[in-house]
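Shown here: protein_11.pdb, PDB, N, CA and C atoms.
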MODEL        1
ATOM      1  N   MET A   1       1.054 -29.825  60.706
ATOM      2  CA  MET A   1      -0.081 -29.612  59.844
ATOM      3  C   MET A   1      -1.092 -30.745  60.010
ATOM      4  N   ALA A   2      -0.593 -31.953  60.190
ATOM      5  CA  ALA A   2      -1.498 -33.088  60.356
ATOM      6  C   ALA A   2      -2.326 -32.952  61.626
ATOM      7  N   GLU A   3      -1.756 -32.306  62.651
ATOM      8  CA  GLU A   3      -2.501 -32.137  63.894
ATOM      9  C   GLU A   3      -3.687 -31.207  63.699
ATOM     10  N   LYS A   4      -3.529 -30.159  62.894
ATOM     11  CA  LYS A   4      -4.619 -29.206  62.662
ATOM     12  C   LYS A   4      -5.680 -29.791  61.736
ATOM     13  N   ALA A   5      -5.261 -30.483  60.684
ATOM     14  CA  ALA A   5      -6.214 -31.026  59.718
ATOM     15  C   ALA A   5      -6.927 -32.255  60.271
ATOM     16  N   ASP A   6      -6.259 -32.996  61.134
ATOM     17  CA  ASP A   6      -6.794 -34.207  61.759
ATOM     18  C   ASP A   6      -7.352 -35.200  60.744
ATOM     19  N   PRO A   7      -6.508 -35.620  59.765
ATOM     20  CA  PRO A   7      -6.980 -36.609  58.792
ATOM     21  C   PRO A   7      -7.095 -37.990  59.424
ATOM     22  N   HIS A   8      -8.000 -38.787  58.892
ATOM     23  CA  HIS A   8      -8.227 -40.140  59.416
ATOM     24  C   HIS A   8      -8.075 -41.152  58.303
ATOM     25  N   GLY A   9      -7.830 -42.376  58.661
ATOM     26  CA  GLY A   9      -7.770 -43.469  57.695
ATOM     27  C   GLY A   9      -6.399 -44.099  57.650
ATOM     28  N   PRO A  10      -6.326 -45.276  57.037
ATOM     29  CA  PRO A  10      -5.058 -46.004  57.007
ATOM     30  C   PRO A  10      -3.982 -45.300  56.179
ATOM     31  N   MET A  11      -4.380 -44.625  55.097
ATOM     32  CA  MET A  11      -3.383 -43.936  54.276
ATOM     33  C   MET A  11      -2.739 -42.802  55.064
ATOM     34  N   TRP A  12      -3.541 -42.014  55.753
ATOM     35  CA  TRP A  12      -3.010 -40.874  56.500
ATOM     36  C   TRP A  12      -2.134 -41.322  57.661
ATOM     37  N   GLY A  13      -2.432 -42.476  58.234
ATOM     38  CA  GLY A  13      -1.590 -42.997  59.303
ATOM     39  C   GLY A  13      -0.182 -43.292  58.825
ATOM     40  N   GLY A  14      -0.060 -43.824  57.615
ATOM     41  CA  GLY A  14       1.259 -44.112  57.052
ATOM     42  C   GLY A  14       1.973 -42.870  56.565
ATOM     43  N   VAL A  15       1.254 -41.973  55.910
ATOM     44  CA  VAL A  15       1.862 -40.772  55.334
ATOM     45  C   VAL A  15       2.338 -39.817  56.431
ATOM     46  N   SER A  16       1.642 -39.757  57.523
ATOM     47  CA  SER A  16       2.017 -38.810  58.575
ATOM     48  C   SER A  16       3.361 -39.144  59.221
ATOM     49  N   GLY A  17       3.818 -40.370  59.066
ATOM     50  CA  GLY A  17       5.098 -40.763  59.646
ATOM     51  C   GLY A  17       6.293 -40.505  58.743
ATOM     52  N   TRP A  18       6.061 -40.045  57.505
ATOM     53  CA  TRP A  18       7.162 -39.803  56.573
ATOM     54  C   TRP A  18       7.960 -38.578  56.973
ATOM     55  N   ASP A  19       9.255 -38.641  56.802
ATOM     56  CA  ASP A  19      10.140 -37.518  57.087
ATOM     57  C   ASP A  19      10.260 -36.659  55.825
ATOM     58  N   LEU A  20       9.784 -35.422  55.892
ATOM     59  CA  LEU A  20       9.784 -34.551  54.718
ATOM     60  C   LEU A  20      11.184 -34.161  54.277
ATOM     61  N   ASN A  21      12.138 -34.168  55.179
ATOM     62  CA  ASN A  21      13.518 -33.878  54.791
ATOM     63  C   ASN A  21      14.059 -34.959  53.858
ATOM     64  N   ILE A  22      13.785 -36.199  54.179
ATOM     65  CA  ILE A  22      14.241 -37.302  53.339
ATOM     66  C   ILE A  22      13.521 -37.274  51.993
ATOM     67  N   ILE A  23      12.225 -37.002  52.007
ATOM     68  CA  ILE A  23      11.466 -36.924  50.762
ATOM     69  C   ILE A  23      12.028 -35.813  49.874
ATOM     70  N   GLY A  24      12.379 -34.676  50.457
ATOM     71  CA  GLY A  24      12.975 -33.581  49.692
ATOM     72  C   GLY A  24      14.306 -33.969  49.086
ATOM     73  N   HIS A  25      15.122 -34.672  49.844
ATOM     74  CA  HIS A  25      16.414 -35.122  49.319
ATOM     75  C   HIS A  25      16.234 -36.124  48.178
ATOM     76  N   VAL A  26      15.258 -36.995  48.293
ATOM     77  CA  VAL A  26      14.988 -37.967  47.237
ATOM     78  C   VAL A  26      14.549 -37.249  45.958
ATOM     79  N   ILE A  27      13.687 -36.250  46.084
ATOM     80  CA  ILE A  27      13.220 -35.505  44.914
ATOM     81  C   ILE A  27      14.378 -34.787  44.239
ATOM     82  N   VAL A  28      15.221 -34.130  45.023
ATOM     83  CA  VAL A  28      16.384 -33.444  44.457
ATOM     84  C   VAL A  28      17.320 -34.449  43.800
ATOM     85  N   GLY A  29      17.509 -35.598  44.415
ATOM     86  CA  GLY A  29      18.359 -36.635  43.839
ATOM     87  C   GLY A  29      17.820 -37.150  42.513
ATOM     88  N   LEU A  30      16.505 -37.283  42.408
ATOM     89  CA  LEU A  30      15.911 -37.727  41.147
ATOM     90  C   LEU A  30      16.099 -36.685  40.043
ATOM     91  N   PHE A  31      15.940 -35.412  40.378
ATOM     92  CA  PHE A  31      16.184 -34.361  39.394
ATOM     93  C   PHE A  31      17.642 -34.352  38.960
ATOM     94  N   PHE A  32      18.542 -34.521  39.907
ATOM     95  CA  PHE A  32      19.970 -34.548  39.578
ATOM     96  C   PHE A  32      20.301 -35.744  38.699
ATOM     97  N   ALA A  33      19.741 -36.906  39.013
ATOM     98  CA  ALA A  33      19.993 -38.101  38.208
ATOM     99  C   ALA A  33      19.459 -37.916  36.786
ATOM    100  N   ALA A  34      18.287 -37.303  36.651
ATOM    101  CA  ALA A  34      17.741 -37.051  35.313
ATOM    102  C   ALA A  34      18.647 -36.100  34.543
ATOM    103  N   TRP A  35      19.188 -35.101  35.211
ATOM    104  CA  TRP A  35      20.085 -34.149  34.570
ATOM    105  C   TRP A  35      21.382 -34.836  34.133
ATOM    106  N   VAL A  36      21.919 -35.695  34.992
ATOM    107  CA  VAL A  36      23.165 -36.405  34.680
ATOM    108  C   VAL A  36      22.969 -37.339  33.478
ATOM    109  N   ILE A  37      21.804 -37.922  33.353
ATOM    110  CA  ILE A  37      21.522 -38.795  32.214
ATOM    111  C   ILE A  37      21.231 -37.977  30.957
ATOM    112  N   ALA A  38      20.525 -36.858  31.102
ATOM    113  CA  ALA A  38      20.119 -36.070  29.941
ATOM    114  C   ALA A  38      21.280 -35.311  29.306
ATOM    115  N   LEU A  39      22.217 -34.842  30.088
ATOM    116  CA  LEU A  39      23.308 -34.044  29.535
ATOM    117  C   LEU A  39      24.152 -34.829  28.531
ATOM    118  N   PRO A  40      24.648 -36.018  28.859
ATOM    119  CA  PRO A  40      25.397 -36.768  27.845
ATOM    120  C   PRO A  40      24.531 -37.181  26.651
ATOM    121  N   ALA A  41      23.255 -37.484  26.896
ATOM    122  CA  ALA A  41      22.372 -37.841  25.786
ATOM    123  C   ALA A  41      22.219 -36.663  24.839
ATOM    124  N   TRP A  42      22.163 -35.465  25.378
ATOM    125  CA  TRP A  42      22.035 -34.264  24.557
ATOM    126  C   TRP A  42      23.335 -33.978  23.802
ATOM    127  N   LYS A  43      24.460 -34.135  24.480
ATOM    128  CA  LYS A  43      25.750 -33.868  23.846
ATOM    129  C   LYS A  43      26.092 -34.906  22.784
ATOM    130  N   VAL A  44      25.989 -36.173  23.121
ATOM    131  CA  VAL A  44      26.389 -37.246  22.218
ATOM    132  C   VAL A  44      25.328 -37.484  21.150
ATOM    133  N   GLY A  45      24.063 -37.438  21.547
ATOM    134  CA  GLY A  45      22.992 -37.749  20.619
ATOM    135  C   GLY A  45      22.543 -36.581  19.765
ATOM    136  N   ARG A  46      23.117 -35.406  19.971
ATOM    137  CA  ARG A  46      22.764 -34.200  19.222
ATOM    138  C   ARG A  46      21.267 -33.933  19.254
ATOM    139  N   ILE A  47      20.663 -34.180  20.387
ATOM    140  CA  ILE A  47      19.228 -33.968  20.541
ATOM    141  C   ILE A  47      18.972 -32.463  20.551
ATOM    142  N   GLY A  48      18.025 -32.020  19.753
ATOM    143  CA  GLY A  48      17.666 -30.613  19.691
ATOM    144  C   GLY A  48      18.471 -29.805  18.713
ATOM    145  N   ARG A  49      19.383 -30.436  17.979
ATOM    146  CA  ARG A  49      20.208 -29.706  17.023
ATOM    147  C   ARG A  49      19.953 -30.156  15.583
ATOM    148  N   GLY A  50      18.936 -30.943  15.353
ATOM    149  CA  GLY A  50      18.620 -31.385  14.013
ATOM    150  C   GLY A  50      19.482 -32.526  13.509
ATOM    151  N   GLY A  51      20.366 -33.025  14.333
ATOM    152  CA  GLY A  51      21.219 -34.140  13.935
ATOM    153  C   GLY A  51      20.492 -35.460  14.068
ATOM    154  N   LYS A  52      21.102 -36.488  13.587
ATOM    155  CA  LYS A  52      20.517 -37.814  13.690
ATOM    156  C   LYS A  52      20.767 -38.351  15.099
ATOM    157  N   ALA A  53      19.725 -38.474  15.862
ATOM    158  CA  ALA A  53      19.838 -38.927  17.259
ATOM    159  C   ALA A  53      20.018 -40.431  17.312
ATOM    160  N   TRP A  54      20.775 -40.902  18.260
ATOM    161  CA  TRP A  54      21.012 -42.333  18.439
ATOM    162  C   TRP A  54      20.000 -42.955  19.366
ATOM    163  N   LEU A  55      19.159 -42.147  19.972
ATOM    164  CA  LEU A  55      18.176 -42.692  20.919
ATOM    165  C   LEU A  55      16.965 -43.216  20.199
TER     166      LEU A  55
ENDMDL
END

What's the structure tokens form of this structure?
Amino acid sequence: MAEKADPHGPMWGGVSGWDLNIIGHVIVGLFFAAWVIALPAWKVGRIGRGGKAWL
């Protein structure tokens, strides 16, 4: 895609070298980490059930 758009500048030079597979894995990992943190907070803290939250 970068070849067709032919972007110029220092930012595009750095961004064009990024591996999209790794970026995708990082994004999925961040979502998974947020889920792993949120689930115990929801269970223990009774978030969303009208209970007194510890957070």

- Query: Just how far from atom N of A:Val28 is atom C of A:Gly45, in Å to one decimal?
  - Reply: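 It comes out at 26.4 Å.
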
- Message: I'd like the interatomic distance between atom N of A:Gly29 and atom N of A:Met11, to a tenth of an Å.
- Response: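 Pair atom N of A:Gly29 / atom N of A:Met11 returns 26.0 Å.
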
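Of note, atom CA of A:Val15 and atom CA of A:Trp35 are spaced 28.4 Å apart.
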
Missing atoms of stretch 33-44 of chain A rebuilt to all heavy atoms, written as a compact mmCIF listing (two decimals), keeping the file's coordinate frame:
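Everything below was put into result_6.txt:
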# COMPACT_ATOMS: atom_id res chain seq x y z
N ALA A 33 19.74 -36.91 39.01
CA ALA A 33 19.99 -38.10 38.21
C ALA A 33 19.46 -37.92 36.79
O ALA A 33 20.12 -38.31 35.81
CB ALA A 33 19.35 -39.33 38.86
N ALA A 34 18.29 -37.30 36.65
CA ALA A 34 17.74 -37.05 35.31
C ALA A 34 18.65 -36.10 34.54
O ALA A 34 18.86 -36.28 33.34
CB ALA A 34 16.34 -36.47 35.43
N TRP A 35 19.19 -35.10 35.21
CA TRP A 35 20.08 -34.15 34.57
C TRP A 35 21.38 -34.84 34.13
O TRP A 35 21.87 -34.60 33.04
CB TRP A 35 20.38 -33.00 35.54
CG TRP A 35 21.26 -31.96 34.95
CD1 TRP A 35 20.89 -30.95 34.12
CD2 TRP A 35 22.67 -31.82 35.17
NE1 TRP A 35 21.99 -30.19 33.81
CE2 TRP A 35 23.10 -30.70 34.43
CE3 TRP A 35 23.61 -32.54 35.90
CZ2 TRP A 35 24.42 -30.29 34.42
CZ3 TRP A 35 24.92 -32.13 35.88
CH2 TRP A 35 25.32 -31.02 35.15
N VAL A 36 21.92 -35.70 34.99
CA VAL A 36 23.16 -36.40 34.68
C VAL A 36 22.97 -37.34 33.48
O VAL A 36 23.86 -37.49 32.65
CB VAL A 36 23.66 -37.19 35.92
CG1 VAL A 36 24.72 -38.21 35.56
CG2 VAL A 36 24.19 -36.22 36.97
N ILE A 37 21.80 -37.92 33.35
CA ILE A 37 21.52 -38.80 32.21
C ILE A 37 21.23 -37.98 30.96
O ILE A 37 21.66 -38.33 29.86
CB ILE A 37 20.34 -39.73 32.54
CG1 ILE A 37 20.76 -40.71 33.64
CG2 ILE A 37 19.85 -40.47 31.31
CD1 ILE A 37 19.62 -41.48 34.24
N ALA A 38 20.52 -36.86 31.10
CA ALA A 38 20.12 -36.07 29.94
C ALA A 38 21.28 -35.31 29.31
O ALA A 38 21.30 -35.15 28.08
CB ALA A 38 19.02 -35.09 30.34
N LEU A 39 22.22 -34.84 30.09
CA LEU A 39 23.31 -34.04 29.54
C LEU A 39 24.15 -34.83 28.53
O LEU A 39 24.35 -34.35 27.41
CB LEU A 39 24.18 -33.47 30.66
CG LEU A 39 25.24 -32.48 30.20
CD1 LEU A 39 24.61 -31.27 29.56
CD2 LEU A 39 26.11 -32.07 31.38
N PRO A 40 24.65 -36.02 28.86
CA PRO A 40 25.40 -36.77 27.84
C PRO A 40 24.53 -37.18 26.65
O PRO A 40 25.01 -37.21 25.52
CB PRO A 40 25.91 -38.01 28.58
CG PRO A 40 25.70 -37.77 30.00
CD PRO A 40 24.70 -36.68 30.15
N ALA A 41 23.26 -37.48 26.90
CA ALA A 41 22.37 -37.84 25.79
C ALA A 41 22.22 -36.66 24.84
O ALA A 41 22.18 -36.83 23.62
CB ALA A 41 21.01 -38.28 26.32
N TRP A 42 22.16 -35.47 25.38
CA TRP A 42 22.04 -34.26 24.56
C TRP A 42 23.34 -33.98 23.80
O TRP A 42 23.32 -33.65 22.62
CB TRP A 42 21.66 -33.08 25.44
CG TRP A 42 21.65 -31.77 24.73
CD1 TRP A 42 20.78 -31.37 23.77
CD2 TRP A 42 22.55 -30.70 24.95
NE1 TRP A 42 21.09 -30.10 23.37
CE2 TRP A 42 22.18 -29.65 24.08
CE3 TRP A 42 23.64 -30.51 25.81
CZ2 TRP A 42 22.85 -28.45 24.04
CZ3 TRP A 42 24.30 -29.30 25.77
CH2 TRP A 42 23.91 -28.29 24.89
N LYS A 43 24.46 -34.14 24.48
CA LYS A 43 25.75 -33.87 23.85
C LYS A 43 26.09 -34.91 22.78
O LYS A 43 26.46 -34.57 21.67
CB LYS A 43 26.88 -33.84 24.89
CG LYS A 43 26.89 -32.64 25.78
CD LYS A 43 27.39 -31.46 25.00
CE LYS A 43 27.70 -30.32 25.95
NZ LYS A 43 28.12 -29.14 25.25
N VAL A 44 25.99 -36.17 23.12
CA VAL A 44 26.39 -37.25 22.22
C VAL A 44 25.33 -37.48 21.15
O VAL A 44 25.65 -37.70 19.98
CB VAL A 44 26.67 -38.55 23.01
CG1 VAL A 44 26.93 -39.71 22.08
CG2 VAL A 44 27.83 -38.33 23.96
